[in-house]
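The file input_30.txt contains compact mmCIF, N, CA and C atoms:
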```txt
# COMPACT_ATOMS: atom_id res chain seq x y z
N LEU D 1 0.85 -1.18 0.00
CA LEU D 1 0.00 0.00 0.00
C LEU D 1 0.89 1.23 0.00
N ASP D 2 0.70 2.08 -0.98
CA ASP D 2 1.37 3.38 -1.03
C ASP D 2 0.42 4.39 -0.41
N LEU D 3 0.71 4.79 0.80
CA LEU D 3 -0.16 5.67 1.57
C LEU D 3 0.21 7.12 1.30
N GLY D 4 -0.70 7.86 0.65
CA GLY D 4 -0.41 9.24 0.24
C GLY D 4 0.49 9.24 -0.98
N SER D 5 0.01 8.65 -2.05
CA SER D 5 0.85 8.32 -3.21
C SER D 5 1.41 9.51 -3.98
N GLY D 6 0.76 10.66 -3.89
CA GLY D 6 1.27 11.79 -4.67
C GLY D 6 1.30 11.46 -6.14
N SER D 7 2.49 11.48 -6.73
CA SER D 7 2.63 11.19 -8.16
C SER D 7 2.68 9.70 -8.46
N GLY D 8 2.81 8.87 -7.41
CA GLY D 8 2.88 7.43 -7.61
C GLY D 8 4.29 6.89 -7.79
N VAL D 9 5.29 7.72 -7.51
CA VAL D 9 6.67 7.29 -7.73
C VAL D 9 7.03 6.08 -6.87
N LEU D 10 6.60 6.04 -5.61
CA LEU D 10 6.91 4.89 -4.77
C LEU D 10 6.17 3.64 -5.23
N ALA D 11 4.94 3.81 -5.69
CA ALA D 11 4.18 2.69 -6.23
C ALA D 11 4.88 2.13 -7.47
N LYS D 12 5.37 3.00 -8.30
CA LYS D 12 6.07 2.58 -9.52
C LYS D 12 7.35 1.81 -9.18
N VAL D 13 8.07 2.28 -8.18
CA VAL D 13 9.29 1.57 -7.74
C VAL D 13 8.92 0.19 -7.20
N ALA D 14 7.85 0.11 -6.42
CA ALA D 14 7.42 -1.19 -5.88
C ALA D 14 7.11 -2.17 -7.01
N LEU D 15 6.44 -1.69 -8.04
CA LEU D 15 6.17 -2.56 -9.19
C LEU D 15 7.46 -3.02 -9.86
N LYS D 16 8.38 -2.10 -10.04
CA LYS D 16 9.65 -2.44 -10.69
C LYS D 16 10.47 -3.42 -9.86
N LEU D 17 10.29 -3.36 -8.54
CA LEU D 17 11.01 -4.27 -7.65
C LEU D 17 10.32 -5.62 -7.52
N GLY D 18 9.18 -5.78 -8.20
CA GLY D 18 8.53 -7.09 -8.26
C GLY D 18 7.34 -7.30 -7.35
N ALA D 19 6.77 -6.24 -6.81
CA ALA D 19 5.56 -6.40 -5.98
C ALA D 19 4.46 -7.04 -6.82
N ALA D 20 3.81 -8.04 -6.26
CA ALA D 20 2.74 -8.74 -6.98
C ALA D 20 1.51 -7.86 -7.14
N GLU D 21 1.26 -7.02 -6.15
CA GLU D 21 0.11 -6.13 -6.18
C GLU D 21 0.50 -4.84 -5.48
N VAL D 22 0.08 -3.73 -6.05
CA VAL D 22 0.29 -2.43 -5.42
C VAL D 22 -1.03 -1.68 -5.44
N VAL D 23 -1.39 -1.11 -4.30
CA VAL D 23 -2.56 -0.25 -4.16
C VAL D 23 -2.05 1.09 -3.69
N ALA D 24 -2.59 2.16 -4.26
CA ALA D 24 -2.18 3.50 -3.86
C ALA D 24 -3.39 4.28 -3.36
N THR D 25 -3.15 5.19 -2.43
CA THR D 25 -4.22 6.02 -1.90
C THR D 25 -3.72 7.44 -1.68
N ASP D 26 -4.60 8.39 -1.92
CA ASP D 26 -4.29 9.80 -1.66
C ASP D 26 -5.62 10.54 -1.54
N ILE D 27 -5.63 11.61 -0.77
CA ILE D 27 -6.85 12.40 -0.63
C ILE D 27 -7.06 13.33 -1.82
N SER D 28 -5.99 13.64 -2.52
CA SER D 28 -6.04 14.58 -3.64
C SER D 28 -6.47 13.89 -4.92
N ALA D 29 -7.50 14.42 -5.56
CA ALA D 29 -7.95 13.87 -6.84
C ALA D 29 -6.85 14.00 -7.89
N ILE D 30 -6.12 15.09 -7.85
CA ILE D 30 -5.01 15.29 -8.80
C ILE D 30 -3.95 14.22 -8.59
N ALA D 31 -3.61 13.95 -7.33
CA ALA D 31 -2.61 12.91 -7.03
C ALA D 31 -3.10 11.54 -7.49
N CYS D 32 -4.36 11.23 -7.23
CA CYS D 32 -4.91 9.94 -7.66
C CYS D 32 -4.85 9.80 -9.17
N ASN D 33 -5.22 10.85 -9.88
CA ASN D 33 -5.18 10.81 -11.35
C ASN D 33 -3.74 10.67 -11.86
N THR D 34 -2.82 11.38 -11.23
CA THR D 34 -1.42 11.31 -11.63
C THR D 34 -0.86 9.92 -11.38
N THR D 35 -1.17 9.35 -10.22
CA THR D 35 -0.72 7.99 -9.92
C THR D 35 -1.29 7.00 -10.94
N ALA D 36 -2.57 7.14 -11.25
CA ALA D 36 -3.20 6.25 -12.23
C ALA D 36 -2.53 6.37 -13.61
N LEU D 37 -2.14 7.57 -13.99
CA LEU D 37 -1.44 7.76 -15.27
C LEU D 37 -0.04 7.15 -15.24
N ASN D 38 0.65 7.33 -14.11
CA ASN D 38 2.02 6.82 -13.99
C ASN D 38 2.08 5.31 -13.76
N CYS D 39 1.02 4.76 -13.20
CA CYS D 39 0.99 3.32 -12.85
C CYS D 39 -0.37 2.74 -13.25
N PRO D 40 -0.65 2.58 -14.52
CA PRO D 40 -1.99 2.16 -14.95
C PRO D 40 -2.40 0.77 -14.48
N SER D 41 -1.46 -0.05 -14.04
CA SER D 41 -1.81 -1.42 -13.64
C SER D 41 -2.19 -1.54 -12.17
N ILE D 42 -2.19 -0.45 -11.41
CA ILE D 42 -2.49 -0.56 -9.98
C ILE D 42 -3.86 0.03 -9.65
N GLU D 43 -4.37 -0.38 -8.50
CA GLU D 43 -5.63 0.18 -7.99
C GLU D 43 -5.31 1.46 -7.23
N VAL D 44 -6.05 2.52 -7.53
CA VAL D 44 -5.88 3.80 -6.84
C VAL D 44 -7.18 4.11 -6.11
N ILE D 45 -7.08 4.35 -4.81
CA ILE D 45 -8.25 4.60 -3.98
C ILE D 45 -8.18 6.01 -3.40
N PRO D 46 -9.13 6.88 -3.74
CA PRO D 46 -9.15 8.20 -3.12
C PRO D 46 -9.53 8.06 -1.64
N SER D 47 -8.62 8.47 -0.77
CA SER D 47 -8.86 8.30 0.66
C SER D 47 -7.85 9.11 1.45
N TYR D 48 -8.29 9.64 2.58
CA TYR D 48 -7.38 10.33 3.49
C TYR D 48 -6.62 9.30 4.29
N ILE D 49 -5.35 9.22 4.07
CA ILE D 49 -4.41 8.26 4.68
C ILE D 49 -5.00 6.86 4.89
N GLY D 50 -5.75 6.42 3.94
CA GLY D 50 -6.26 5.05 3.96
C GLY D 50 -7.43 4.80 4.89
N ASN D 51 -8.09 5.83 5.35
CA ASN D 51 -9.22 5.65 6.26
C ASN D 51 -10.35 4.83 5.65
N ASP D 52 -10.46 4.81 4.34
CA ASP D 52 -11.53 4.09 3.67
C ASP D 52 -11.13 2.69 3.21
N ILE D 53 -9.97 2.24 3.64
CA ILE D 53 -9.48 0.93 3.21
C ILE D 53 -9.79 -0.09 4.29
N ASN D 54 -10.50 -1.13 3.90
CA ASN D 54 -10.95 -2.14 4.85
C ASN D 54 -10.26 -3.48 4.64
N ARG D 55 -9.00 -3.45 4.32
CA ARG D 55 -8.22 -4.67 4.21
C ARG D 55 -6.80 -4.37 4.68
N THR D 56 -5.99 -5.40 4.78
CA THR D 56 -4.63 -5.21 5.25
C THR D 56 -3.63 -5.58 4.17
N PHE D 57 -2.40 -5.16 4.37
CA PHE D 57 -1.35 -5.33 3.38
C PHE D 57 -0.09 -5.85 4.05
N ASP D 58 0.74 -6.53 3.27
CA ASP D 58 2.02 -7.03 3.79
C ASP D 58 3.01 -5.89 4.00
N VAL D 59 2.94 -4.90 3.14
CA VAL D 59 3.88 -3.77 3.19
C VAL D 59 3.10 -2.48 3.02
N VAL D 60 3.42 -1.50 3.84
CA VAL D 60 2.85 -0.15 3.69
C VAL D 60 4.02 0.81 3.63
N PHE D 61 4.03 1.66 2.61
CA PHE D 61 5.10 2.64 2.51
C PHE D 61 4.52 4.02 2.25
N THR D 62 5.26 5.04 2.66
CA THR D 62 4.79 6.40 2.54
C THR D 62 5.96 7.37 2.61
N ASN D 63 5.75 8.53 2.11
CA ASN D 63 6.66 9.65 2.26
C ASN D 63 5.78 10.84 2.65
N PRO D 64 5.38 10.89 3.92
CA PRO D 64 4.40 11.91 4.32
C PRO D 64 4.98 13.32 4.33
N PRO D 65 4.11 14.29 4.15
CA PRO D 65 4.59 15.68 4.28
C PRO D 65 5.00 15.95 5.73
N PHE D 66 6.06 16.71 5.89
CA PHE D 66 6.50 17.02 7.25
C PHE D 66 6.84 18.50 7.41
N HIS D 67 6.30 19.31 6.51
CA HIS D 67 6.47 20.76 6.60
C HIS D 67 5.15 21.46 6.40
N GLU D 68 4.99 22.56 7.09
CA GLU D 68 3.91 23.51 6.83
C GLU D 68 4.61 24.82 6.54
N GLY D 69 4.66 25.16 5.27
CA GLY D 69 5.43 26.34 4.89
C GLY D 69 6.90 26.10 5.19
N GLN D 70 7.50 26.97 5.97
CA GLN D 70 8.92 26.86 6.32
C GLN D 70 9.16 26.06 7.60
N LYS D 71 8.10 25.76 8.34
CA LYS D 71 8.24 25.09 9.63
C LYS D 71 8.07 23.58 9.50
N SER D 72 8.88 22.85 10.25
CA SER D 72 8.70 21.40 10.35
C SER D 72 7.49 21.10 11.20
N ASN D 73 6.73 20.10 10.80
CA ASN D 73 5.56 19.67 11.57
C ASN D 73 5.46 18.16 11.43
N THR D 74 5.78 17.44 12.50
CA THR D 74 5.78 15.99 12.45
C THR D 74 4.42 15.38 12.81
N SER D 75 3.45 16.20 13.20
CA SER D 75 2.17 15.64 13.65
C SER D 75 1.45 14.87 12.55
N LEU D 76 1.52 15.33 11.32
CA LEU D 76 0.86 14.61 10.23
C LEU D 76 1.54 13.27 10.00
N GLY D 77 2.86 13.25 10.02
CA GLY D 77 3.58 11.99 9.87
C GLY D 77 3.25 11.01 10.98
N GLU D 78 3.09 11.52 12.19
CA GLU D 78 2.72 10.66 13.32
C GLU D 78 1.31 10.10 13.13
N GLU D 79 0.41 10.91 12.61
CA GLU D 79 -0.95 10.44 12.31
C GLU D 79 -0.91 9.34 11.26
N TRP D 80 -0.07 9.51 10.25
CA TRP D 80 0.06 8.50 9.19
C TRP D 80 0.60 7.20 9.76
N LEU D 81 1.59 7.28 10.66
CA LEU D 81 2.14 6.07 11.27
C LEU D 81 1.07 5.32 12.06
N THR D 82 0.23 6.06 12.75
CA THR D 82 -0.87 5.43 13.49
C THR D 82 -1.80 4.71 12.54
N GLN D 83 -2.13 5.34 11.42
CA GLN D 83 -3.02 4.72 10.43
C GLN D 83 -2.37 3.49 9.79
N MET D 84 -1.06 3.54 9.59
CA MET D 84 -0.36 2.41 8.97
C MET D 84 -0.53 1.15 9.80
N LYS D 85 -0.58 1.29 11.11
CA LYS D 85 -0.75 0.13 11.99
C LYS D 85 -2.09 -0.57 11.74
N LYS D 86 -3.07 0.16 11.26
CA LYS D 86 -4.40 -0.39 11.02
C LYS D 86 -4.50 -1.19 9.73
N VAL D 87 -3.60 -0.94 8.79
CA VAL D 87 -3.72 -1.57 7.47
C VAL D 87 -2.59 -2.54 7.14
N ILE D 88 -1.71 -2.80 8.09
CA ILE D 88 -0.61 -3.74 7.83
C ILE D 88 -0.90 -5.06 8.56
N HIS D 89 -0.52 -6.16 7.91
CA HIS D 89 -0.71 -7.49 8.52
C HIS D 89 0.01 -7.58 9.83
```

I need this file expressed as structure tokens, please.
Amino acid sequence: LDLGSGSGVLAKVALKLGAAEVVATDISAIACNTTALNCPSIEVIPSYIGNDINRTFDVVFTNPPFHEGQKSNTSLGEEWLTQMKKVIH
């Protein structure tokens, strides 16, 4: 599961490394569309950090945002880590 896929670059790398299945999720419609264009063979689910996903995965990867403007903000990354625990085997 690529949590917060953005452009889908991590999903694409997972496919190239031999992942049997890759699912990507992002809250942004633009990000979902971009991921679908970059990785047409994967399932893309519009969702805020996977809240709408009702299954689990062997691997969950992400590159969460950790800045608000010029300031570092780790709270969003911490929220993502909490969500990752819900969707990993």

Please provide as a list in words all residues within 8 Å of range 63-80 of chain D, with the sequence filter that same-chain residues fewer than 2 positions apart are discarded (counting only C-alpha atoms).
Leu3, Gly4, Ile49, Phe61, Thr82, Gln83 and Met84 of chain D

Would you compute the distance between atom N of Asp58 in chain D and CA of Ile30 in chain D? Give it in Å to one decimal.
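We find that atom N of Asp58 in chain D and CA of Ile30 in chain D lie 25.6 Å from each other.
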
Skipping near chain neighbours, those fewer than 3 positions away, what residues fall within 6 Å of Ile42 in chain D using only N, CA and C atoms, listed as number ranges by chain?
D: 22-24, 39

Counting all atoms listed in the file, which of D:Ala31, D:Asp2, D:Leu81, D:Lys12 gets nearest to Val59 in chain D?
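Once distances to Val59 in chain D are computed over all atoms listed in the file, the minimum belongs to D:Asp2.
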
According to DSSP computed on the backbone, where in chain D is there strand (DSSP E or B)? Give the residues as a PyMOL selection string.
chain D and resi 2-3+23-26+43-46+57+61+67-68+71-72+88

Please identify the helix (DSSP H, G or I) residues within chain D (assignment by DSSP from backbone atoms) and present them as JSON, numbers by chain.
{"D": [9, 10, 11, 12, 13, 14, 15, 16, 29, 30, 31, 32, 33, 34, 35, 36, 37, 38, 75, 76, 77, 78, 79, 80, 81, 82, 83, 84, 85, 86, 87]}

Looking at only N, CA and C atoms, which of D:Ala36, D:Ala29, D:Ile53, D:Leu10 is the one that sits closest to Val87 in chain D?
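The shortest atom-to-atom distance to Val87 in chain D comes from D:Ile53.
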
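Considering the residues D:Asn38, D:Ala20, D:Glu43, D:Leu1 and counting only C-alpha atoms, Thr56 in chain D has its shortest atom-to-atom contact with D:Leu1.
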
For range 72-85 of chain D, what centre and edge lengths in Å (one decimal) does the axis-aligned box get once 3 Å is added on each side of all its listed atoms, as JSON?
```
{"center_x": 2.9, "center_y": 11.1, "center_z": 11.3, "size_x": 17.9, "size_y": 29.4, "size_z": 10.7}
```

Which residue is closest to Gly6 in chain D? Choose from D:Ala19, D:Arg55, D:Thr34, D:Tyr48 and count only N, CA and C atoms.
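Of D:Ala19, D:Arg55, D:Thr34, D:Tyr48, the one nearest Gly6 in chain D, counting only N, CA and C atoms, is D:Thr34.
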
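As for CA of Leu17 in chain D and atom N of Ile88 in chain D, they are spaced 20.3 Å apart.
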
What does the structure give for the distance between CA of Leu37 in chain D and atom C of Lys86 in chain D, in Å to one decimal?
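Separation of CA of Leu37 in chain D and atom C of Lys86 in chain D: 26.7 Å.
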
Kindly indicate which residue among D:Thr62, D:Thr35, D:Glu21, D:Val13 lies nearest to Gly50 in chain D, using only C-alpha atoms for the distances.
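Using only C-alpha atoms, Gly50 in chain D sits closest to D:Thr62.
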
Using the atoms already present, construct all heavy atoms for range 12-23 of chain D and hand them back as a PDB file, keeping the file's coordinate frame.
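Once written, part03.pdb looks like this:
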```pdb
ATOM      1  N   LYS D  12       5.370   3.000  -8.300  1.00  0.00           N
ATOM      2  CA  LYS D  12       6.070   2.580  -9.520  1.00  0.00           C
ATOM      3  C   LYS D  12       7.350   1.810  -9.180  1.00  0.00           C
ATOM      4  O   LYS D  12       7.648   0.779  -9.794  1.00  0.00           O
ATOM      5  CB  LYS D  12       6.382   3.791 -10.387  1.00  0.00           C
ATOM      6  CG  LYS D  12       6.821   3.454 -11.775  1.00  0.00           C
ATOM      7  CD  LYS D  12       6.788   4.663 -12.661  1.00  0.00           C
ATOM      8  CE  LYS D  12       6.896   4.228 -14.102  1.00  0.00           C
ATOM      9  NZ  LYS D  12       6.509   5.263 -15.022  1.00  0.00           N
ATOM     10  N   VAL D  13       8.070   2.280  -8.180  1.00  0.00           N
ATOM     11  CA  VAL D  13       9.290   1.570  -7.740  1.00  0.00           C
ATOM     12  C   VAL D  13       8.920   0.190  -7.200  1.00  0.00           C
ATOM     13  O   VAL D  13       9.604  -0.800  -7.492  1.00  0.00           O
ATOM     14  CB  VAL D  13      10.059   2.407  -6.695  1.00  0.00           C
ATOM     15  CG1 VAL D  13      11.153   1.586  -6.035  1.00  0.00           C
ATOM     16  CG2 VAL D  13      10.641   3.653  -7.336  1.00  0.00           C
ATOM     17  N   ALA D  14       7.850   0.110  -6.420  1.00  0.00           N
ATOM     18  CA  ALA D  14       7.420  -1.190  -5.880  1.00  0.00           C
ATOM     19  C   ALA D  14       7.110  -2.170  -7.010  1.00  0.00           C
ATOM     20  O   ALA D  14       7.491  -3.346  -6.934  1.00  0.00           O
ATOM     21  CB  ALA D  14       6.196  -1.002  -4.978  1.00  0.00           C
ATOM     22  N   LEU D  15       6.440  -1.690  -8.040  1.00  0.00           N
ATOM     23  CA  LEU D  15       6.170  -2.560  -9.190  1.00  0.00           C
ATOM     24  C   LEU D  15       7.460  -3.020  -9.860  1.00  0.00           C
ATOM     25  O   LEU D  15       7.612  -4.193 -10.183  1.00  0.00           O
ATOM     26  CB  LEU D  15       5.298  -1.820 -10.216  1.00  0.00           C
ATOM     27  CG  LEU D  15       3.834  -1.612  -9.851  1.00  0.00           C
ATOM     28  CD1 LEU D  15       3.164  -0.694 -10.871  1.00  0.00           C
ATOM     29  CD2 LEU D  15       3.098  -2.946  -9.754  1.00  0.00           C
ATOM     30  N   LYS D  16       8.380  -2.100 -10.040  1.00  0.00           N
ATOM     31  CA  LYS D  16       9.650  -2.440 -10.690  1.00  0.00           C
ATOM     32  C   LYS D  16      10.470  -3.420  -9.860  1.00  0.00           C
ATOM     33  O   LYS D  16      11.241  -4.204 -10.401  1.00  0.00           O
ATOM     34  CB  LYS D  16      10.467  -1.179 -10.982  1.00  0.00           C
ATOM     35  CG  LYS D  16       9.908  -0.383 -12.127  1.00  0.00           C
ATOM     36  CD  LYS D  16      10.828   0.747 -12.528  1.00  0.00           C
ATOM     37  CE  LYS D  16      10.197   1.483 -13.681  1.00  0.00           C
ATOM     38  NZ  LYS D  16      11.111   1.797 -14.725  1.00  0.00           N
ATOM     39  N   LEU D  17      10.290  -3.360  -8.540  1.00  0.00           N
ATOM     40  CA  LEU D  17      11.010  -4.270  -7.650  1.00  0.00           C
ATOM     41  C   LEU D  17      10.320  -5.620  -7.520  1.00  0.00           C
ATOM     42  O   LEU D  17      10.795  -6.498  -6.804  1.00  0.00           O
ATOM     43  CB  LEU D  17      11.210  -3.639  -6.277  1.00  0.00           C
ATOM     44  CG  LEU D  17      12.174  -2.459  -6.239  1.00  0.00           C
ATOM     45  CD1 LEU D  17      12.191  -1.811  -4.865  1.00  0.00           C
ATOM     46  CD2 LEU D  17      13.585  -2.905  -6.640  1.00  0.00           C
ATOM     47  N   GLY D  18       9.180  -5.780  -8.200  1.00  0.00           N
ATOM     48  CA  GLY D  18       8.530  -7.090  -8.260  1.00  0.00           C
ATOM     49  C   GLY D  18       7.340  -7.300  -7.350  1.00  0.00           C
ATOM     50  O   GLY D  18       6.912  -8.441  -7.164  1.00  0.00           O
ATOM     51  N   ALA D  19       6.770  -6.240  -6.810  1.00  0.00           N
ATOM     52  CA  ALA D  19       5.560  -6.400  -5.980  1.00  0.00           C
ATOM     53  C   ALA D  19       4.460  -7.040  -6.820  1.00  0.00           C
ATOM     54  O   ALA D  19       4.210  -6.630  -7.953  1.00  0.00           O
ATOM     55  CB  ALA D  19       5.105  -5.054  -5.437  1.00  0.00           C
ATOM     56  N   ALA D  20       3.810  -8.040  -6.260  1.00  0.00           N
ATOM     57  CA  ALA D  20       2.740  -8.740  -6.980  1.00  0.00           C
ATOM     58  C   ALA D  20       1.510  -7.860  -7.140  1.00  0.00           C
ATOM     59  O   ALA D  20       0.792  -7.951  -8.128  1.00  0.00           O
ATOM     60  CB  ALA D  20       2.371 -10.020  -6.247  1.00  0.00           C
ATOM     61  N   GLU D  21       1.260  -7.020  -6.150  1.00  0.00           N
ATOM     62  CA  GLU D  21       0.110  -6.130  -6.180  1.00  0.00           C
ATOM     63  C   GLU D  21       0.500  -4.840  -5.480  1.00  0.00           C
ATOM     64  O   GLU D  21       1.159  -4.853  -4.447  1.00  0.00           O
ATOM     65  CB  GLU D  21      -1.085  -6.745  -5.457  1.00  0.00           C
ATOM     66  CG  GLU D  21      -2.290  -5.830  -5.386  1.00  0.00           C
ATOM     67  CD  GLU D  21      -3.404  -6.361  -4.488  1.00  0.00           C
ATOM     68  OE1 GLU D  21      -3.149  -7.224  -3.640  1.00  0.00           O
ATOM     69  OE2 GLU D  21      -4.533  -5.878  -4.647  1.00  0.00           O
ATOM     70  N   VAL D  22       0.080  -3.730  -6.050  1.00  0.00           N
ATOM     71  CA  VAL D  22       0.290  -2.430  -5.420  1.00  0.00           C
ATOM     72  C   VAL D  22      -1.030  -1.680  -5.440  1.00  0.00           C
ATOM     73  O   VAL D  22      -1.717  -1.640  -6.451  1.00  0.00           O
ATOM     74  CB  VAL D  22       1.378  -1.583  -6.145  1.00  0.00           C
ATOM     75  CG1 VAL D  22       1.539  -0.228  -5.489  1.00  0.00           C
ATOM     76  CG2 VAL D  22       2.710  -2.324  -6.170  1.00  0.00           C
ATOM     77  N   VAL D  23      -1.390  -1.110  -4.300  1.00  0.00           N
ATOM     78  CA  VAL D  23      -2.560  -0.250  -4.160  1.00  0.00           C
ATOM     79  C   VAL D  23      -2.050   1.090  -3.690  1.00  0.00           C
ATOM     80  O   VAL D  23      -1.180   1.167  -2.822  1.00  0.00           O
ATOM     81  CB  VAL D  23      -3.571  -0.846  -3.149  1.00  0.00           C
ATOM     82  CG1 VAL D  23      -4.735   0.104  -2.932  1.00  0.00           C
ATOM     83  CG2 VAL D  23      -4.054  -2.205  -3.619  1.00  0.00           C
TER      84      VAL D  23
END
```
